[in-house]
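*Asks:* Below you will find the structure I want to go over with you.
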Amino acid sequence: MPKSPYPENWSDIDKTLYNRSVRVFDTVKKVLSVKMKLHADTQIQQGDIFLFNHFSRFETFIPQFLIYEQTGAYCCAIASGEFFQQDNVLSRYLQHVGVFPHDHDRLFSLLTAQILRGRKVIIFPEGSMIKDHRVVDDEGNYGIYSRMTGLRRKQHTGAAVLAQGVEAIKIIIRRAYLEKDHDQLVWWKEQLHMDSLDQLLASALKHTFIIPANITFYPLRTSENLLIKAVDFFTDSLSLRQTEELLIEGNIMLKNTDMDIRMGKPIEPFDRRFFGSHYLLQKVMADVKSVDDVFTLQAKPKTWQQRCLGHYFKKAANATRDQYMEEIYLNVTINLSHLASTLIMHLIKKGQLQIERQAFFTVIYIAVKHLQNNTTINLHRSLFNPVDYSEVVNGTSTRFETFILEAKNTGLITEYKTRYHLLPKLLEDQAFDSIRLENIIAVYDNEAKPIKVVRETLVKALAEYDHVDQQELAAWHFEDECRDLTWEHHAYDKAIYDDINDDETASADSMPFFLDPHDDNGIGVLLIHGLLASPAELRDYGDHLVKQGYTVMGVRLKGHGSSPYALQNQTWQDWYGSVLRGYKILKAHCQQIFVTGFSTGGALALKLASEQFPEIIGISAVSVPIKFINPAFMLVPLLHGTNKLVDWLSSYEGIKPFIENPTEHPDINYRHVPVKSLYELRLLIESMNEFVPLCKVPTLVLQGNEDPVVSVKSAQEVTNKLTAANKLLKIVPSKRHGILMENIGGTWESIDEFMNSCIEETNNTRKETNIK
């Protein structure tokens with residue numbers, strides 16, 4: 001038998017070097033564009049052996065450093081023996097930071113000693129990179145491609161064998177303690193290089209846990225990057241494999257990729273209550289004289305008891321392997337590209353070679369809404385953030401557009417008029433080292449395949465699409481609007497925003513509202529609140545309307561009702577997007593819609609009317625801001641420009657990012673207004689010159705005569721810009737700005753009366769049309 005090229009023992013971890021490596025890693029992590037997110041509860045503290053799927057070389061450096069950051073525990077890992085063939089700087093470095101060669105004769109024994117001393121072990125049980133993500137066949141059996149044989153094989157049982165050995169030794173130590181065998185305890189303490197018998201016993205009493213974990217990268221890109229361009233500059237002889245890995249890995253590291261590391265349920269190597277009392281174990285372990293003896297039961301059994309126990313070990317290891325591999329693959333973080341790819345592959349495999357774009361978008365959206373309620377799978381955070389997924393139904397999602405562009409560029413799909421055409425290349429076999437470049441859709445589909453509910457939900461959504469109810473879609477869209485507020489609260493409820501958030505006093509419910517009347521008159525009313533406020537500003541008026549039979553939708557303008565910091569990041573077009581979504585939700589319920597907007601909401605109502613949607617029968621624009629009582633507002637564009645310059649020159653926020661806002665309604669309005677938002681309002685006001693003349697529906701303009709915020713001249717200016725045949729200006733006696741919320745001067749009644757006239761005018765027009 002050839003002599004092992006490695007020493008029998010292995011150097012212990014050099015803690016100084018390890019700590020220095022962690023600091024370097026932390027620095028590099030900040031430079032890279034990978035956003036790492038660890039999803040774990042107590043698994044990191046519980047676990048001894050951590051298992052990860054293997055898709056890229058980059059990920060092999062990550063787990064041990066993340067575990068150290070979370071627990072302070074040192075980790076050991078396994079690397080190919082080729083890295084240790086020569087005594088050089090790299091091999092010595094790897095050895096001193098806890099990396100062991102995969103072909104060391106005493107690998108399991110060395111790792112067992114490390115675990116019993118409190119170290120953790122990182123293993124990639126697939127044994128190599130699985131570039132195609134194909135880990136399960138059509139019958140549901142787990143297996144992966146082997147580069148060495150060109151065939152498919154089962155994943156490795158090494159982690160299970162190691163965990164069995166660790167637990168077996170713990171059983172021996174516990175039994176020695178119960179039998180008060182002091183000599184044997186001392187012997188094991190010395191064998192394992194423990195500091196004390198207390199440390200030995202504490203280690204033996206701890207359960208041995210395998211922690212299966214999944215690493216999911218999103219998105220995957222195949223375009224060129226700086227890394228491959230730099231390598232190309234120095235050499236022109238890259239192999240296909242090298243080119244492919246540089247493209248994929250370079251894009252992961254350099255192009256804003258999410259790396260979700262999700263830890264699954266802890267797994268024990270066997271039932272310790274049963275196994276610990278098993279006759280064979282007691283009999284065989286009594287003769288164990290070293291850690292190595294535990295791992296030679298299968299290879300070199302000396303008695304029938306050892307042979308039987310070795311057989312049991314092997315059977316249990318296979319069962320444990322199947323258990324932890326399933327757990328790894330079930331913890332994929334499902335994203336939009338998984339859903340789109342699964343749908344595409346399902347369609348082409350059943351012979352459907354084209355699909356309407358709108359049908360494709362809607363099916364995926366329906367699937368997202370169903371999956372959001374499924375607690376058995378892990379969805380990528382973007383599938384809970386309406387900003388990321390809700391626009392899928394319109395085909396305008398940025399993430400989705402990137403996916404489609406990749407698919408088109410690689411000849412997987414094409415687009416003609418209103419349809420996507422699925423191309424034959426989707427079903428063609430690809431070489432292992434080219435599939436990530438040539439068929440990224442198959443890779444995504446393979447990765448999601450172990451999670452059967454994904455495919456089942458998409459098939460169900462596909463059938464659902466043919467008879468989907470528009471009101472059901474609208475209900476989902478309304479849920480998205482509510483979810484968006486929750487997401488904003490979560491995003492801006494952090495210590496870095498406390499300087500402004502802590503001074504905020506708004507406590508009213510800021511959720512958008514949809515009010516369904518008991519006696520429906522068939523008319524919808526869209527309510528749009530003002531700048532710095534929330535839907536709560538118009539909720540009382542909404543209750544007033546629903547009692548009259550109107551269906552009422554109170555929109556929440558993006559960035560409102562959560563944090564002034566959230567508002568700071570929005571444009572006026574974002575606010576208008578909220579209005580459009582609210583209008584579409586209401587349109588699913590009503591064929592006639594009246595729009596009422598207050599202050600900035602009034603300007604947005606005029607913008608909506610300028611689109612000349614046939615469902616809109618009239619609007620009321622209340623306290624629309626064009627001219628202001630405080631002339632300093634005119635300086636806002638200059639101040640915002642100064643802030644932008646300061647942001648560019650330094651990492652600080654700017655000269656004056658927020659201005660205090662003395663509000664009439666501190667329970668509803670922000671106390672701080674972002675300068676950026678006033679700038680956006682200024683832009684909205686300037687654009688009114690273009691869109692207000694396009695408003696053709698009946699329009700009521702309301703304004704308080706002594707409004708402390710908006711000059712009364714604004715109302716006349718708005719009215720003058722209108723070209724509608726039916727327009728009415730009404731001045732209300734008031735020294736308050738919030739005349740709509742407070743119903744000052746009979747504001748509600750004035751709008752009600754005008755709205756009734758609009759309804760009557762619309763009905764008369766329709767009658768005349770029908771007669772003709």
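In the structure tokens, the first chain shown is A, the next is B, and so on; residue numbers restart at 1 for each chain, and ligands run from 1 in the order shown.
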What's the 8 Å shell around stretch 555-558 of chain A, counting only C-alpha atoms, without same-chain residues fewer than 3 positions away, as a PyMOL selection string?
*Replies:* chain A and resi 481+510-513+526-529+534-535+561+567+570+574-576+578-579+582
*Asks:* Could those selected residues go to a file with all heavy atoms, as a compact mmCIF listing (two decimals), in the first residue's frame?
*Replies:*
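The file below, out.txt, is the result:
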```txt
# COMPACT_ATOMS: atom_id res chain seq x y z
N GLU A 481 -50.38 47.15 -2.54
CA GLU A 481 -50.25 48.52 -2.05
C GLU A 481 -50.07 48.53 -0.53
O GLU A 481 -49.27 49.30 0.01
CB GLU A 481 -51.48 49.34 -2.45
CG GLU A 481 -51.62 49.57 -3.95
CD GLU A 481 -50.42 50.29 -4.55
OE1 GLU A 481 -50.10 51.41 -4.07
OE2 GLU A 481 -49.80 49.74 -5.47
N SER A 510 -51.95 54.65 8.29
CA SER A 510 -51.54 55.20 6.99
C SER A 510 -51.74 54.21 5.84
O SER A 510 -51.27 54.45 4.73
CB SER A 510 -50.08 55.64 7.05
OG SER A 510 -49.24 54.58 7.46
N MET A 511 -52.43 53.11 6.11
CA MET A 511 -52.68 52.13 5.05
C MET A 511 -53.64 52.72 4.00
O MET A 511 -54.56 53.48 4.34
CB MET A 511 -53.32 50.87 5.62
CG MET A 511 -52.34 49.91 6.24
SD MET A 511 -51.38 49.05 4.97
CE MET A 511 -50.36 47.99 6.01
N PRO A 512 -53.44 52.35 2.71
CA PRO A 512 -54.46 52.70 1.72
C PRO A 512 -55.77 52.00 2.10
O PRO A 512 -55.75 50.98 2.80
CB PRO A 512 -53.89 52.14 0.41
CG PRO A 512 -52.91 51.10 0.83
CD PRO A 512 -52.36 51.53 2.15
N PHE A 513 -56.88 52.54 1.65
CA PHE A 513 -58.15 51.90 2.01
C PHE A 513 -59.03 51.71 0.79
O PHE A 513 -58.97 52.47 -0.18
CB PHE A 513 -58.89 52.70 3.10
CG PHE A 513 -59.17 54.14 2.76
CD1 PHE A 513 -60.29 54.51 2.02
CD2 PHE A 513 -58.32 55.15 3.22
CE1 PHE A 513 -60.55 55.84 1.72
CE2 PHE A 513 -58.57 56.48 2.93
CZ PHE A 513 -59.69 56.83 2.18
N LEU A 526 -62.03 57.98 -6.40
CA LEU A 526 -60.61 57.84 -6.10
C LEU A 526 -60.17 59.05 -5.29
O LEU A 526 -60.32 60.20 -5.74
CB LEU A 526 -59.81 57.75 -7.39
CG LEU A 526 -58.32 57.44 -7.25
CD1 LEU A 526 -58.10 56.02 -6.74
CD2 LEU A 526 -57.60 57.64 -8.59
N LEU A 527 -59.63 58.82 -4.10
CA LEU A 527 -59.18 59.90 -3.22
C LEU A 527 -57.66 59.93 -3.15
O LEU A 527 -57.02 58.89 -2.93
CB LEU A 527 -59.76 59.71 -1.82
CG LEU A 527 -61.29 59.69 -1.71
CD1 LEU A 527 -61.72 59.51 -0.25
CD2 LEU A 527 -61.90 60.97 -2.29
N ILE A 528 -57.08 61.13 -3.33
CA ILE A 528 -55.62 61.29 -3.37
C ILE A 528 -55.21 62.33 -2.34
O ILE A 528 -55.58 63.51 -2.44
CB ILE A 528 -55.14 61.74 -4.76
CG1 ILE A 528 -55.77 60.86 -5.86
CG2 ILE A 528 -53.63 61.69 -4.84
CD1 ILE A 528 -55.56 61.41 -7.27
N HIS A 529 -54.45 61.89 -1.33
CA HIS A 529 -54.04 62.79 -0.25
C HIS A 529 -52.91 63.72 -0.69
O HIS A 529 -52.37 63.62 -1.80
CB HIS A 529 -53.62 61.98 0.97
CG HIS A 529 -52.38 61.15 0.76
ND1 HIS A 529 -51.11 61.68 0.78
CD2 HIS A 529 -52.23 59.81 0.54
CE1 HIS A 529 -50.22 60.72 0.59
NE2 HIS A 529 -50.87 59.57 0.42
N SER A 534 -51.06 61.08 4.49
CA SER A 534 -51.28 59.66 4.21
C SER A 534 -52.77 59.49 3.91
O SER A 534 -53.54 60.46 4.01
CB SER A 534 -50.88 58.81 5.42
OG SER A 534 -51.85 58.89 6.44
N PRO A 535 -53.20 58.28 3.53
CA PRO A 535 -54.64 58.09 3.27
C PRO A 535 -55.53 58.47 4.45
O PRO A 535 -56.72 58.77 4.25
CB PRO A 535 -54.73 56.59 2.96
CG PRO A 535 -53.40 56.25 2.40
CD PRO A 535 -52.42 57.09 3.17
N GLY A 561 -46.49 58.06 4.89
CA GLY A 561 -47.04 57.22 5.95
C GLY A 561 -46.04 56.26 6.57
O GLY A 561 -46.42 55.38 7.33
N LEU A 567 -39.78 59.06 1.79
CA LEU A 567 -40.27 60.08 0.87
C LEU A 567 -39.13 60.74 0.11
O LEU A 567 -39.26 61.09 -1.07
CB LEU A 567 -41.07 61.13 1.65
CG LEU A 567 -41.71 62.26 0.85
CD1 LEU A 567 -42.63 61.72 -0.23
CD2 LEU A 567 -42.45 63.22 1.77
N GLN A 570 -38.29 59.39 -3.42
CA GLN A 570 -39.33 59.27 -4.45
C GLN A 570 -39.36 60.51 -5.35
O GLN A 570 -39.06 61.63 -4.93
CB GLN A 570 -40.71 59.11 -3.79
CG GLN A 570 -40.78 58.07 -2.71
CD GLN A 570 -40.32 56.70 -3.14
OE1 GLN A 570 -40.57 56.28 -4.27
NE2 GLN A 570 -39.63 55.98 -2.26
N ASP A 574 -43.18 58.80 -9.20
CA ASP A 574 -43.49 57.69 -8.29
C ASP A 574 -44.84 57.91 -7.62
O ASP A 574 -45.63 56.98 -7.44
CB ASP A 574 -42.40 57.53 -7.24
CG ASP A 574 -41.07 57.09 -7.82
OD1 ASP A 574 -41.08 56.33 -8.80
OD2 ASP A 574 -40.02 57.53 -7.31
N TRP A 575 -45.10 59.17 -7.20
CA TRP A 575 -46.40 59.47 -6.60
C TRP A 575 -47.52 59.21 -7.60
O TRP A 575 -48.55 58.63 -7.26
CB TRP A 575 -46.46 60.94 -6.14
CG TRP A 575 -45.35 61.35 -5.21
CD1 TRP A 575 -44.63 60.55 -4.38
CD2 TRP A 575 -44.84 62.67 -5.03
NE1 TRP A 575 -43.70 61.28 -3.69
CE2 TRP A 575 -43.81 62.59 -4.06
CE3 TRP A 575 -45.16 63.91 -5.57
CZ2 TRP A 575 -43.11 63.71 -3.64
CZ3 TRP A 575 -44.45 65.03 -5.14
CH2 TRP A 575 -43.43 64.93 -4.19
N TYR A 576 -47.28 59.63 -8.83
CA TYR A 576 -48.31 59.44 -9.86
C TYR A 576 -48.50 57.95 -10.16
O TYR A 576 -49.62 57.51 -10.45
CB TYR A 576 -47.93 60.20 -11.13
CG TYR A 576 -48.99 60.09 -12.21
CD1 TYR A 576 -50.28 60.57 -11.99
CD2 TYR A 576 -48.71 59.49 -13.44
CE1 TYR A 576 -51.27 60.45 -12.96
CE2 TYR A 576 -49.67 59.38 -14.42
CZ TYR A 576 -50.95 59.86 -14.17
OH TYR A 576 -51.93 59.74 -15.14
N SER A 578 -48.48 55.64 -7.97
CA SER A 578 -49.43 55.19 -6.94
C SER A 578 -50.86 55.53 -7.34
O SER A 578 -51.78 54.73 -7.13
CB SER A 578 -49.10 55.86 -5.60
OG SER A 578 -47.79 55.56 -5.19
N VAL A 579 -51.05 56.71 -7.91
CA VAL A 579 -52.39 57.13 -8.35
C VAL A 579 -52.89 56.22 -9.46
O VAL A 579 -54.05 55.77 -9.45
CB VAL A 579 -52.36 58.60 -8.82
CG1 VAL A 579 -53.70 59.00 -9.44
CG2 VAL A 579 -52.01 59.52 -7.65
N GLY A 582 -53.96 52.89 -8.09
CA GLY A 582 -55.24 53.01 -7.39
C GLY A 582 -56.40 53.10 -8.36
O GLY A 582 -57.46 52.49 -8.16
```
*Asks:* Once DSSP has gone over the backbone, tell me which residues of stretch 46-193 of chain A are in alpha helix (DSSP H), as a ChimeraX atom specification.
*Replies:* /A:46,63-71,89-96,107-116,158-178,182-191
*Asks:* Work out how far apart atom CA of A:Gly264 and atom CA of A:Ala163 are and give it in Å to one decimal.
*Replies:*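 Computing the Euclidean distance for atom CA of A:Gly264 and atom CA of A:Ala163 yields 16.7 Å.
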*Asks:* Just want the 8 Å neighbourhood of A:Gly127, counted on only C-alpha atoms, with same-chain residues fewer than 6 positions away dropped. Output as a PyMOL selection string.
*Replies:* chain A and resi 54+155-156
*Asks:* Could you write those residues out with N, CA and C atoms, as a compact mmCIF listing (two decimals), in the first residue's frame?
*Replies:*
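The result, written out as selection_4.txt:
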```
# COMPACT_ATOMS: atom_id res chain seq x y z
N HIS A 54 -22.80 23.32 -4.24
CA HIS A 54 -21.58 23.88 -4.85
C HIS A 54 -21.88 24.27 -6.30
N GLN A 155 -24.82 11.81 -4.32
CA GLN A 155 -23.94 12.70 -3.58
C GLN A 155 -23.19 11.91 -2.50
N HIS A 156 -22.13 12.50 -1.95
CA HIS A 156 -21.26 11.79 -1.02
C HIS A 156 -21.90 11.62 0.36
```
*Asks:* Expressed in Å to a single decimal, how great is the separation between atom CA of A:Tyr389 and atom CA of A:Ile344?
*Replies:*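 Between these atoms lies a distance of 18.0 Å.
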*Asks:* Could you tell me which of A:Met325, A:Ile13, A:Phe295, A:Lys283 comes closest to A:Pro125 if we count only C-alpha atoms?
*Replies:*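 Smallest distance to A:Pro125 is found for A:Met325.
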*Asks:* Report as a compact mmCIF listing (two decimals) with N, CA and C atoms, in the first residue's frame all protein, DNA and RNA residues lying within 12 Å of A:Ile435, evaluated on only C-alpha atoms, omitting residues in the same chain fewer than 4 positions from it.
*Replies:*
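What landed in selection17.txt:
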```txt
# COMPACT_ATOMS: atom_id res chain seq x y z
N ILE A 130 -21.70 21.92 -9.43
CA ILE A 130 -22.84 21.41 -10.19
C ILE A 130 -23.37 22.57 -11.02
N LYS A 131 -22.79 22.75 -12.19
CA LYS A 131 -23.08 23.93 -13.01
C LYS A 131 -24.48 23.93 -13.59
N ASP A 132 -25.01 22.73 -13.84
CA ASP A 132 -26.34 22.69 -14.45
C ASP A 132 -27.46 22.70 -13.41
N HIS A 133 -27.11 22.66 -12.13
CA HIS A 133 -28.09 22.62 -11.04
C HIS A 133 -29.04 21.43 -11.15
N ARG A 134 -28.70 20.46 -11.98
CA ARG A 134 -29.57 19.30 -12.12
C ARG A 134 -29.24 18.31 -11.02
N THR A 222 -24.66 36.27 -18.00
CA THR A 222 -23.66 35.68 -18.90
C THR A 222 -22.92 36.74 -19.71
N LEU A 240 -12.72 26.78 -22.87
CA LEU A 240 -14.16 27.03 -22.69
C LEU A 240 -14.51 27.03 -21.21
N ARG A 241 -13.96 26.08 -20.48
CA ARG A 241 -14.26 25.99 -19.05
C ARG A 241 -13.79 27.24 -18.32
N GLU A 244 -16.03 30.25 -19.31
CA GLU A 244 -17.36 30.14 -18.70
C GLU A 244 -17.31 30.51 -17.21
N GLU A 245 -16.32 30.01 -16.51
CA GLU A 245 -16.25 30.28 -15.08
C GLU A 245 -15.91 31.74 -14.80
N ILE A 248 -19.29 33.71 -15.44
CA ILE A 248 -20.29 33.51 -14.39
C ILE A 248 -19.80 34.06 -13.05
N THR A 410 -29.22 34.73 -25.90
CA THR A 410 -28.65 33.38 -26.03
C THR A 410 -29.52 32.47 -26.90
N LYS A 425 -33.69 25.45 -28.92
CA LYS A 425 -32.47 25.37 -28.13
C LYS A 425 -32.76 25.08 -26.65
N LEU A 426 -33.95 25.45 -26.19
CA LEU A 426 -34.33 25.22 -24.80
C LEU A 426 -34.24 23.74 -24.43
N LEU A 427 -34.50 22.86 -25.38
CA LEU A 427 -34.53 21.42 -25.12
C LEU A 427 -33.25 20.70 -25.57
N GLU A 428 -32.32 21.44 -26.13
CA GLU A 428 -31.08 20.81 -26.60
C GLU A 428 -30.14 20.51 -25.44
N ASP A 429 -29.44 19.38 -25.53
CA ASP A 429 -28.43 19.04 -24.53
C ASP A 429 -27.24 19.98 -24.68
N GLN A 430 -26.73 20.42 -23.55
CA GLN A 430 -25.57 21.31 -23.55
C GLN A 430 -24.43 20.66 -22.78
N ALA A 431 -23.21 20.97 -23.17
CA ALA A 431 -22.05 20.47 -22.43
C ALA A 431 -22.06 21.04 -21.02
N ASN A 439 -27.82 27.99 -21.84
CA ASN A 439 -29.22 27.78 -21.48
C ASN A 439 -29.44 28.05 -20.00
N ILE A 440 -29.40 29.32 -19.66
CA ILE A 440 -29.57 29.72 -18.26
C ILE A 440 -30.98 29.39 -17.77
N ILE A 441 -31.94 29.31 -18.69
CA ILE A 441 -33.32 28.96 -18.31
C ILE A 441 -33.37 27.53 -17.77
N ALA A 442 -32.67 26.60 -18.42
CA ALA A 442 -32.62 25.22 -17.93
C ALA A 442 -31.96 25.16 -16.56
N VAL A 443 -30.93 25.97 -16.34
CA VAL A 443 -30.24 25.99 -15.05
C VAL A 443 -31.18 26.44 -13.94
N TYR A 444 -31.91 27.54 -14.18
CA TYR A 444 -32.89 28.01 -13.19
C TYR A 444 -33.97 26.96 -12.96
N ASN A 446 -33.80 23.70 -13.35
CA ASN A 446 -33.24 22.59 -12.59
C ASN A 446 -33.12 22.93 -11.11
```
*Asks:* Can you tell me, as a PyMOL selection string, what residues are no more than 8 Å from A:Gly98 when counting only C-alpha atoms, ignoring any on the same chain fewer than 4 positions away?
*Replies:* chain A and resi 12-13+75-77+94
*Asks:* Stretch 539-708 of chain A: which residues are strand (DSSP E) by DSSP, as an NGL selection string?
*Replies:* :A and (551-555 or 592-598 or 616-622 or 658-660 or 672-674 or 699-704)
*Asks:* Write the selection just made, keeping C-alpha atoms, as a short mmCIF file (atom, residue, chain, number, x, y, z; two decimals), in the first residue's frame?
*Replies:*
```
data_model
loop_
_atom_site.label_atom_id
_atom_site.label_comp_id
_atom_site.auth_asym_id
_atom_site.auth_seq_id
_atom_site.Cartn_x
_atom_site.Cartn_y
_atom_site.Cartn_z
CA THR A 551 -67.04 52.51 -3.93
CA VAL A 552 -64.04 54.38 -2.53
CA MET A 553 -60.30 53.85 -3.04
CA GLY A 554 -57.92 55.91 -0.92
CA VAL A 555 -54.44 55.69 -2.44
CA GLN A 592 -67.56 55.38 -13.83
CA ILE A 593 -64.98 57.04 -11.58
CA PHE A 594 -64.83 60.47 -9.98
CA VAL A 595 -61.42 61.66 -8.75
CA THR A 596 -60.81 63.98 -5.79
CA GLY A 597 -57.34 65.14 -4.85
CA PHE A 598 -56.14 67.44 -2.09
CA ILE A 616 -63.28 59.20 -15.44
CA ILE A 617 -66.45 61.33 -15.36
CA GLY A 618 -65.11 64.29 -13.40
CA ILE A 619 -62.62 65.54 -10.81
CA SER A 620 -62.36 67.93 -7.91
CA ALA A 621 -58.97 69.53 -7.26
CA VAL A 622 -58.75 71.02 -3.77
CA PHE A 658 -34.91 68.12 5.64
CA ILE A 659 -36.91 71.17 6.65
CA GLU A 660 -39.16 71.19 9.71
CA HIS A 672 -39.99 66.97 8.43
CA VAL A 673 -40.23 67.57 4.71
CA PRO A 674 -37.35 66.39 2.50
CA THR A 699 -63.58 69.89 -13.07
CA LEU A 700 -64.29 71.55 -9.73
CA VAL A 701 -61.51 73.71 -8.25
CA LEU A 702 -61.81 74.44 -4.52
CA GLN A 703 -59.60 76.76 -2.45
CA GLY A 704 -59.61 78.41 0.98
#
```
*Asks:* Which residues, written as a ChimeraX atom specification, have at least one atom at most 10 Å from A:His346, with only C-alpha atoms counted and residues fewer than 3 positions away on the same chain left out?
*Replies:* /A:340-343,349-352,445,455,458-459
*Asks:* Determine the nearest neighbour of A:Pro666 from the options A:Thr320, A:Thr505, A:Gln354, A:Ser434, counting only C-alpha atoms.
*Replies:*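 Of all the options, A:Thr505 lies closest to A:Pro666.
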*Asks:* Distance atom CA of A:Lys265-atom CA of A:Leu66, one decimal place?
*Replies:*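 These two atoms are separated by 18.3 Å.
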*Asks:* With only C-alpha atoms as the atoms that count, which of A:Gly542, A:Pro219, A:Gly411, A:Gly118 lies nearest to A:Glu249?
*Replies:*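 When distances to A:Glu249 are compared using only C-alpha atoms, the smallest one comes from A:Pro219.
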*Asks:* List as a list in words the protein and nucleic acid residues near A:Cys590, meaning an atom at most 9 Å away when only C-alpha atoms are counted, but skip any in the same chain fewer than 5 places from it.
*Replies:*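 Near A:Cys590, the qualifying residues are Gly522, Ile523, Gly524, Thr551 and Glu615 of chain A.
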*Asks:* Give me, as CSV, each residue of stretch 297-377 of chain A that comes within 9 Å of stretch 259-262 of chain A, together with its shortest interatomic pair and the distance in Å at one decimal, counting only C-alpha atoms, with rows ordered by chain and rising residue number.
*Replies:*
```
residue,atom,partner,partner_atom,distance
A:Ile328,CA,A:Arg262,CA,8.7
A:Asn331,CA,A:Arg262,CA,6.3
A:Val332,CA,A:Arg262,CA,7.6
A:Thr333,CA,A:Asp260,CA,6.8
```
*Asks:* Given the choices A:Met36, A:Ile67, A:Val453, A:Val97, which gets closest to A:Tyr18 if the distance is worked out from only C-alpha atoms?
*Replies:*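 The answer is A:Val97, which sits nearest to A:Tyr18.
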